[in-house]
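Dropping final.txt in here (compact mmCIF, C-alpha atoms):
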```txt
# COMPACT_ATOMS: atom_id res chain seq x y z
CA ASP A 57 276.29 -101.65 165.35
CA SER A 58 279.24 -103.38 167.03
CA GLY A 59 277.11 -105.98 168.78
CA VAL A 60 278.35 -104.86 172.20
CA THR A 61 275.62 -103.52 174.46
CA GLN A 62 276.19 -101.29 177.46
CA THR A 63 273.66 -100.12 180.01
CA PRO A 64 272.83 -97.59 181.25
CA LYS A 65 273.81 -95.03 178.62
CA HIS A 66 273.71 -92.19 181.11
CA LEU A 67 273.91 -92.16 184.87
CA ILE A 68 273.92 -89.26 187.30
CA THR A 69 274.65 -89.90 190.94
CA ALA A 70 276.14 -88.29 194.03
CA THR A 71 279.53 -88.57 195.67
CA GLY A 72 279.86 -91.55 197.96
CA GLN A 73 277.35 -93.63 196.04
CA ARG A 74 277.80 -96.96 194.27
CA VAL A 75 276.84 -97.80 190.69
CA THR A 76 276.96 -100.85 188.45
CA LEU A 77 277.62 -100.70 184.74
CA ARG A 78 276.67 -103.62 182.58
CA CYS A 79 278.13 -104.95 179.36
CA SER A 80 276.93 -107.68 177.01
CA PRO A 81 279.71 -108.69 174.65
CA ARG A 82 279.35 -109.57 171.00
CA SER A 83 277.90 -113.02 170.50
CA GLY A 84 280.69 -115.59 170.72
CA ASP A 85 283.33 -113.23 172.13
CA LEU A 86 284.99 -114.55 175.26
CA SER A 87 286.99 -111.48 176.31
CA VAL A 88 285.58 -108.32 177.85
CA TYR A 89 287.63 -105.20 178.42
CA TRP A 90 286.69 -102.12 180.45
CA TYR A 91 288.04 -98.67 179.70
CA GLN A 92 287.58 -95.27 181.29
CA GLN A 93 287.70 -92.16 179.14
CA SER A 94 287.93 -88.72 180.66
CA LEU A 95 289.06 -85.37 179.31
CA ASP A 96 292.18 -85.16 181.46
CA GLN A 97 293.25 -88.82 181.45
CA GLY A 98 292.31 -89.94 177.97
CA LEU A 99 291.42 -93.59 177.39
CA GLN A 100 292.56 -95.76 180.30
CA PHE A 101 292.46 -99.55 180.40
CA LEU A 102 290.85 -100.80 183.59
CA ILE A 103 290.51 -104.56 183.45
CA GLN A 104 290.06 -107.58 181.16
CA TYR A 105 288.15 -110.80 181.66
CA TYR A 106 288.43 -113.90 179.53
CA ASN A 107 285.76 -116.57 179.80
CA GLY A 108 284.92 -115.64 183.36
CA GLU A 109 288.48 -115.24 184.64
CA GLU A 110 290.37 -112.03 185.26
CA ARG A 111 293.11 -111.86 182.61
CA ALA A 112 294.74 -108.44 183.00
CA LYS A 113 294.50 -105.40 185.22
CA GLY A 114 295.24 -101.85 184.30
CA ASN A 115 294.73 -98.61 186.14
CA ILE A 116 291.75 -99.79 188.12
CA LEU A 117 291.16 -98.20 191.51
CA GLU A 118 290.54 -100.36 194.56
CA ARG A 119 287.07 -98.78 194.80
CA PHE A 120 286.25 -100.36 191.45
CA SER A 121 285.65 -104.03 190.79
CA ALA A 122 284.39 -106.12 187.92
CA GLN A 123 283.29 -109.60 187.12
CA GLN A 124 282.29 -111.70 184.15
CA PHE A 125 279.41 -114.09 184.54
CA PRO A 126 278.90 -117.56 183.03
CA ASP A 127 276.78 -116.09 180.24
CA LEU A 128 279.81 -113.85 179.49
CA HIS A 129 278.17 -110.55 180.33
CA SER A 130 280.24 -108.34 182.59
CA GLU A 131 279.59 -105.78 185.28
CA LEU A 132 281.79 -102.96 186.49
CA ASN A 133 281.07 -101.82 190.02
CA LEU A 134 282.16 -98.37 191.09
CA SER A 135 281.84 -97.50 194.78
CA SER A 136 282.51 -94.53 197.08
CA LEU A 137 282.23 -92.37 194.01
CA GLU A 138 284.20 -89.17 193.73
CA LEU A 139 283.79 -86.22 191.41
CA GLY A 140 286.85 -87.38 189.48
CA ASP A 141 285.13 -90.64 188.57
CA SER A 142 282.90 -88.76 186.16
CA ALA A 143 283.80 -90.20 182.77
CA LEU A 144 282.69 -92.28 179.85
CA TYR A 145 283.10 -95.99 180.59
CA PHE A 146 283.51 -98.28 177.62
CA CYS A 147 283.24 -101.98 177.34
CA ALA A 148 284.87 -103.83 174.44
CA SER A 149 284.85 -107.46 173.48
CA SER A 150 287.02 -109.72 171.37
CA GLY A 151 288.07 -113.31 171.13
CA GLU A 152 285.36 -114.94 169.10
CA ARG A 153 285.40 -118.64 169.80
CA GLY A 154 288.58 -118.24 171.82
CA ARG A 155 290.59 -116.69 168.97
CA GLU A 156 292.44 -113.79 170.54
CA GLY A 157 294.44 -110.89 169.19
CA GLY A 158 291.82 -109.62 166.79
CA GLU A 159 290.11 -106.30 166.85
CA LEU A 160 288.19 -104.96 169.80
CA PHE A 161 284.50 -104.23 169.35
CA PHE A 162 283.34 -101.31 171.48
CA GLY A 163 280.01 -100.50 172.99
CA GLU A 164 278.56 -96.99 172.91
CA GLY A 165 279.65 -96.36 176.48
CA SER A 166 278.06 -95.42 179.79
CA ARG A 167 278.42 -91.78 180.72
CA LEU A 168 278.73 -91.39 184.48
CA THR A 169 278.30 -88.00 186.09
CA VAL A 170 279.08 -87.69 189.80
CA LEU A 171 277.71 -84.57 191.45
CA ALA B 132 307.36 -103.61 176.27
CA GLN B 133 304.85 -102.26 173.86
CA SER B 134 304.13 -98.61 173.33
CA VAL B 135 302.46 -96.43 170.76
CA THR B 136 303.00 -92.75 170.03
CA GLN B 137 300.65 -90.58 168.07
CA LEU B 138 302.81 -87.74 166.98
CA ASP B 139 300.11 -85.08 166.67
CA SER B 140 297.40 -84.38 169.21
CA HIS B 141 295.52 -82.13 166.75
CA VAL B 142 295.48 -82.04 162.95
CA SER B 143 293.53 -79.57 160.82
CA VAL B 144 292.96 -80.02 157.11
CA SER B 145 290.72 -78.41 154.54
CA GLU B 146 287.92 -80.42 153.02
CA GLY B 147 289.14 -82.21 149.91
CA THR B 148 292.81 -82.22 150.93
CA PRO B 149 294.82 -85.26 152.06
CA VAL B 150 294.86 -86.50 155.63
CA LEU B 151 297.93 -87.86 157.39
CA LEU B 152 297.75 -89.03 160.99
CA ARG B 153 301.05 -90.33 162.31
CA CYS B 154 301.63 -93.29 164.57
CA ASN B 155 304.85 -94.91 165.74
CA TYR B 156 304.92 -98.10 167.76
CA SER B 157 307.31 -100.18 169.77
CA SER B 158 306.79 -103.90 170.21
CA SER B 159 309.05 -106.77 171.16
CA TYR B 160 307.03 -109.22 169.15
CA SER B 161 305.29 -109.19 165.81
CA PRO B 162 302.50 -106.71 166.48
CA SER B 163 298.95 -106.34 165.35
CA LEU B 164 298.10 -102.72 164.67
CA PHE B 165 294.77 -100.99 164.49
CA TRP B 166 293.28 -97.59 163.84
CA TYR B 167 290.02 -96.65 165.51
CA VAL B 168 287.82 -93.60 165.05
CA GLN B 169 285.64 -92.02 167.70
CA HIS B 170 282.97 -89.48 166.86
CA PRO B 171 281.70 -87.26 169.69
CA ASN B 172 279.85 -89.17 172.39
CA LYS B 173 280.18 -92.41 170.46
CA GLY B 174 282.06 -95.64 170.91
CA LEU B 175 285.26 -96.47 169.06
CA GLN B 176 284.87 -97.95 165.60
CA LEU B 177 287.51 -99.96 163.81
CA LEU B 178 288.86 -98.26 160.69
CA LEU B 179 291.44 -100.85 159.70
CA LYS B 180 293.86 -103.45 161.04
CA TYR B 181 297.24 -104.93 160.23
CA THR B 182 297.89 -108.53 161.25
CA SER B 183 301.00 -109.51 159.25
CA ALA B 184 299.42 -109.90 155.86
CA ALA B 185 299.75 -107.08 153.29
CA THR B 186 301.67 -104.08 154.58
CA LEU B 187 299.29 -101.63 152.89
CA VAL B 188 295.97 -101.97 154.61
CA LYS B 189 292.73 -100.54 153.29
CA GLY B 190 289.96 -99.64 155.66
CA ILE B 191 286.53 -98.14 155.68
CA ASN B 192 285.60 -94.67 154.41
CA GLY B 193 288.62 -94.44 152.11
CA PHE B 194 291.26 -94.66 154.82
CA GLU B 195 294.39 -96.72 154.49
CA ALA B 196 297.57 -97.28 156.46
CA GLU B 197 300.99 -98.67 155.66
CA PHE B 198 302.94 -100.85 158.06
CA LYS B 199 306.63 -99.94 157.86
CA LYS B 200 308.67 -102.22 160.06
CA SER B 201 311.97 -100.42 159.44
CA GLU B 202 310.44 -97.15 160.59
CA THR B 203 308.15 -98.75 163.22
CA SER B 204 305.34 -96.66 161.82
CA PHE B 205 301.71 -97.20 160.93
CA HIS B 206 300.51 -93.86 159.58
CA LEU B 207 296.88 -93.36 158.58
CA THR B 208 296.09 -91.59 155.33
CA LYS B 209 293.14 -90.56 153.22
CA PRO B 210 293.44 -88.85 149.84
CA SER B 211 290.60 -86.40 150.32
CA ALA B 212 289.11 -85.30 153.65
CA HIS B 213 285.38 -85.04 154.14
CA MET B 214 283.60 -83.03 156.79
CA SER B 215 282.32 -86.27 158.31
CA ASP B 216 285.92 -87.36 158.99
CA ALA B 217 286.17 -84.85 161.84
CA ALA B 218 286.67 -87.06 164.89
CA GLU B 219 289.30 -88.46 167.22
CA TYR B 220 291.55 -91.21 165.91
CA PHE B 221 293.38 -93.78 168.00
CA CYS B 222 296.31 -95.94 166.97
CA VAL B 223 296.45 -99.25 168.85
CA VAL B 224 299.13 -101.93 169.09
CA SER B 225 298.50 -105.43 170.30
CA ASP B 226 301.22 -107.82 171.33
CA ARG B 227 300.30 -111.25 169.98
CA SER B 228 302.05 -112.98 172.86
CA THR B 229 300.10 -111.25 175.61
CA TYR B 230 297.05 -109.98 173.69
CA LYS B 231 297.30 -106.67 175.52
CA TYR B 232 296.08 -103.62 173.64
CA ILE B 233 298.01 -100.37 174.00
CA PHE B 234 296.21 -97.21 172.89
CA GLY B 235 297.81 -94.02 171.68
CA THR B 236 296.70 -90.74 173.19
CA GLY B 237 294.60 -89.90 170.16
CA THR B 238 294.68 -87.36 167.35
CA ARG B 239 291.79 -84.97 166.97
CA LEU B 240 291.13 -84.31 163.30
CA LYS B 241 289.43 -81.07 162.34
CA VAL B 242 288.16 -80.61 158.79
CA LEU B 243 287.73 -77.04 157.60
CA ALA B 244 285.13 -76.10 155.01
```

If you took the structure in this file and wrote it as structure tokens, what would it be?
Amino acid sequence: DSGVTQTPKHLITATGQRVTLRCSPRSGDLSVYWYQQSLDQGLQFLIQYYNGEERAKGNILERFSAQQFPDLHSELNLSSLELGDSALYFCASSGERGREGGELFFGEGSRLTVL
Amino acid sequence: AQSVTQLDSHVSVSEGTPVLLRCNYSSSYSPSLFWYVQHPNKGLQLLLKYTSAATLVKGINGFEAEFKKSETSFHLTKPSAHMSDAAEYFCVVSDRSTYKYIFGTGTRLKVLA
């Protein structure tokens, strides 16, 4: 158990809809990272938050947004969903007590299926 | 700029034989390097990490990796493969100045009975 919790584990929705994925980082970790994993694109970095502030952006679409709340949990919002958004979305955390550069701890992922 | 290349997308070995998964990296600064394993429909789990201490790093489940600066390599090895090692393996480099993590494209390990 990595200590990172993601909900929901599975989600099935229709094109054009909006969903929210939630991540609770490991206790004490200040950084949250979001990744998308699909068969054709592999593991893609989406966005990183550190202690509530956006730290880095990767290949995140404009239809997607994220935030990190004061209690350090994070949400990834996906809107106007398309078939190609079907993927496994991972959250990872690091930075215990502000110490960065260590390993990432991954959640089990949220599998999104867009029909 | 950082980059990481996993030289094989698929590797097949027989149970009980050695495993070698190759990873080359490029980093402007002193890197941290990691190997992660992902079993089907699971999250990524850390196997081992290099953070400028000993160049030979031992990880979980009998895996180890050697940091070779002159060759910019961080290959993952295991003396004897087990069926449970069948999974996807990711090599990751982190630049300690930016704390960005760059993932390789993954190597799928198949273990034959």

- Task: Pick out the residues sitting within 10 Å of range 195-204 of chain B, and hand them over as an MDAnalysis selection string; count all atoms listed in the file, and ignore anything fewer than 3 positions along from it in its own chain.
- Result: chainID B and resid 135:137 151:158 161:166 178:192 207:210

- Using all atoms listed in the file, which chain A residues lie at most 8 Å away from chain B, written as JSON, numbers by chain? {"A": [58, 98, 99, 146, 156, 157, 158, 159, 160, 161, 162, 163, 164, 165]}

- Message: When you look at Arg78 in chain A with a cut-off of 9 Å (counting only C-alpha atoms), what residues show up, excluding the ones that are within fewer than 6 positions of it in the same chain? I need them as a list in words.
- Response: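 Here the qualifying residues turn out to be Thr61, Gln62, Thr63, Pro64, His129, Ser130, Glu131, Leu132, Asn133, Cys147 and Ser166 of chain A.
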
- Message: Taking only C-alpha atoms into account, name the residue in A:Leu137, A:Val88, A:Leu171, A:Leu144 that is nearest to Gly72 in chain A.
- Response: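 Checking each of A:Leu137, A:Val88, A:Leu171, A:Leu144 against Gly72 in chain A, counting only C-alpha atoms, the winner is A:Leu137.
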
- Query: Which value, in Å to one decimal, gives the distance between CA of Val60 in chain A and CA of Ser80 in chain A?
  - Reply: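 Computed distance, CA of Val60 in chain A to CA of Ser80 in chain A, equals 5.8 Å.
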
- Message: Show me, as a ChimeraX atom specification, the residues that have an atom within 8 Å of Asn115 in chain A when counting only C-alpha atoms, minus same-chain residues fewer than 5 positions from it.
- Response: /A:100-103

- Message: Ranking A:Leu134, A:Ala148, A:Leu77, A:Leu67 by minimum distance to Leu117 in chain A and counting only C-alpha atoms, which one comes first?
- Response: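 Answer, going by the shortest atom-to-atom distance: A:Leu134.
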
- Query: How many Å separate CA of His170 in chain B from CA of Met214 in chain B?
  - Reply: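 These atoms are spaced 12.0 Å apart.
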
- Item | Interatomic distance, CA of Arg74 in chain A to CA of Ser136 in chain A (Å, one decimal) | 6.0 Å

- Item | Long-range neighbours of Ala217 in chain B as an MDAnalysis selection string, 12 Å cut-off, only C-alpha atoms, 2 positions minimum in chain | chainID B and resid 141:146 150 168:171 212:215 219:220 238:244

Now that the selection is made, can you save its residues with C-alpha atoms as a CSV table (one decimal), in the coordinates of the input?
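Saved the output as result15.csv:
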```csv
chain,number,residue,atom,x,y,z
B,141,HIS,CA,295.5,-82.1,166.8
B,142,VAL,CA,295.5,-82.0,163.0
B,143,SER,CA,293.5,-79.6,160.8
B,144,VAL,CA,293.0,-80.0,157.1
B,145,SER,CA,290.7,-78.4,154.5
B,146,GLU,CA,287.9,-80.4,153.0
B,150,VAL,CA,294.9,-86.5,155.6
B,168,VAL,CA,287.8,-93.6,165.0
B,169,GLN,CA,285.6,-92.0,167.7
B,170,HIS,CA,283.0,-89.5,166.9
B,171,PRO,CA,281.7,-87.3,169.7
B,212,ALA,CA,289.1,-85.3,153.6
B,213,HIS,CA,285.4,-85.0,154.1
B,214,MET,CA,283.6,-83.0,156.8
B,215,SER,CA,282.3,-86.3,158.3
B,219,GLU,CA,289.3,-88.5,167.2
B,220,TYR,CA,291.6,-91.2,165.9
B,238,THR,CA,294.7,-87.4,167.4
B,239,ARG,CA,291.8,-85.0,167.0
B,240,LEU,CA,291.1,-84.3,163.3
B,241,LYS,CA,289.4,-81.1,162.3
B,242,VAL,CA,288.2,-80.6,158.8
B,243,LEU,CA,287.7,-77.0,157.6
B,244,ALA,CA,285.1,-76.1,155.0
```

- Task: Would you list the residues near (282.8, -92.8, 187.9), meaning any protein, DNA or RNA residue with an atom at most 9 Å from that point in file coordinates, counting only C-alpha atoms, as a ChimeraX atom specification?
- Result: /A:75,92,134-135,137-145,167-170

- Residue with smallest distance to Asn107 in chain A - pool A:Ser87, A:Gln123, A:Ser150, A:Gln93, counting all atoms listed in the file: A:Ser87
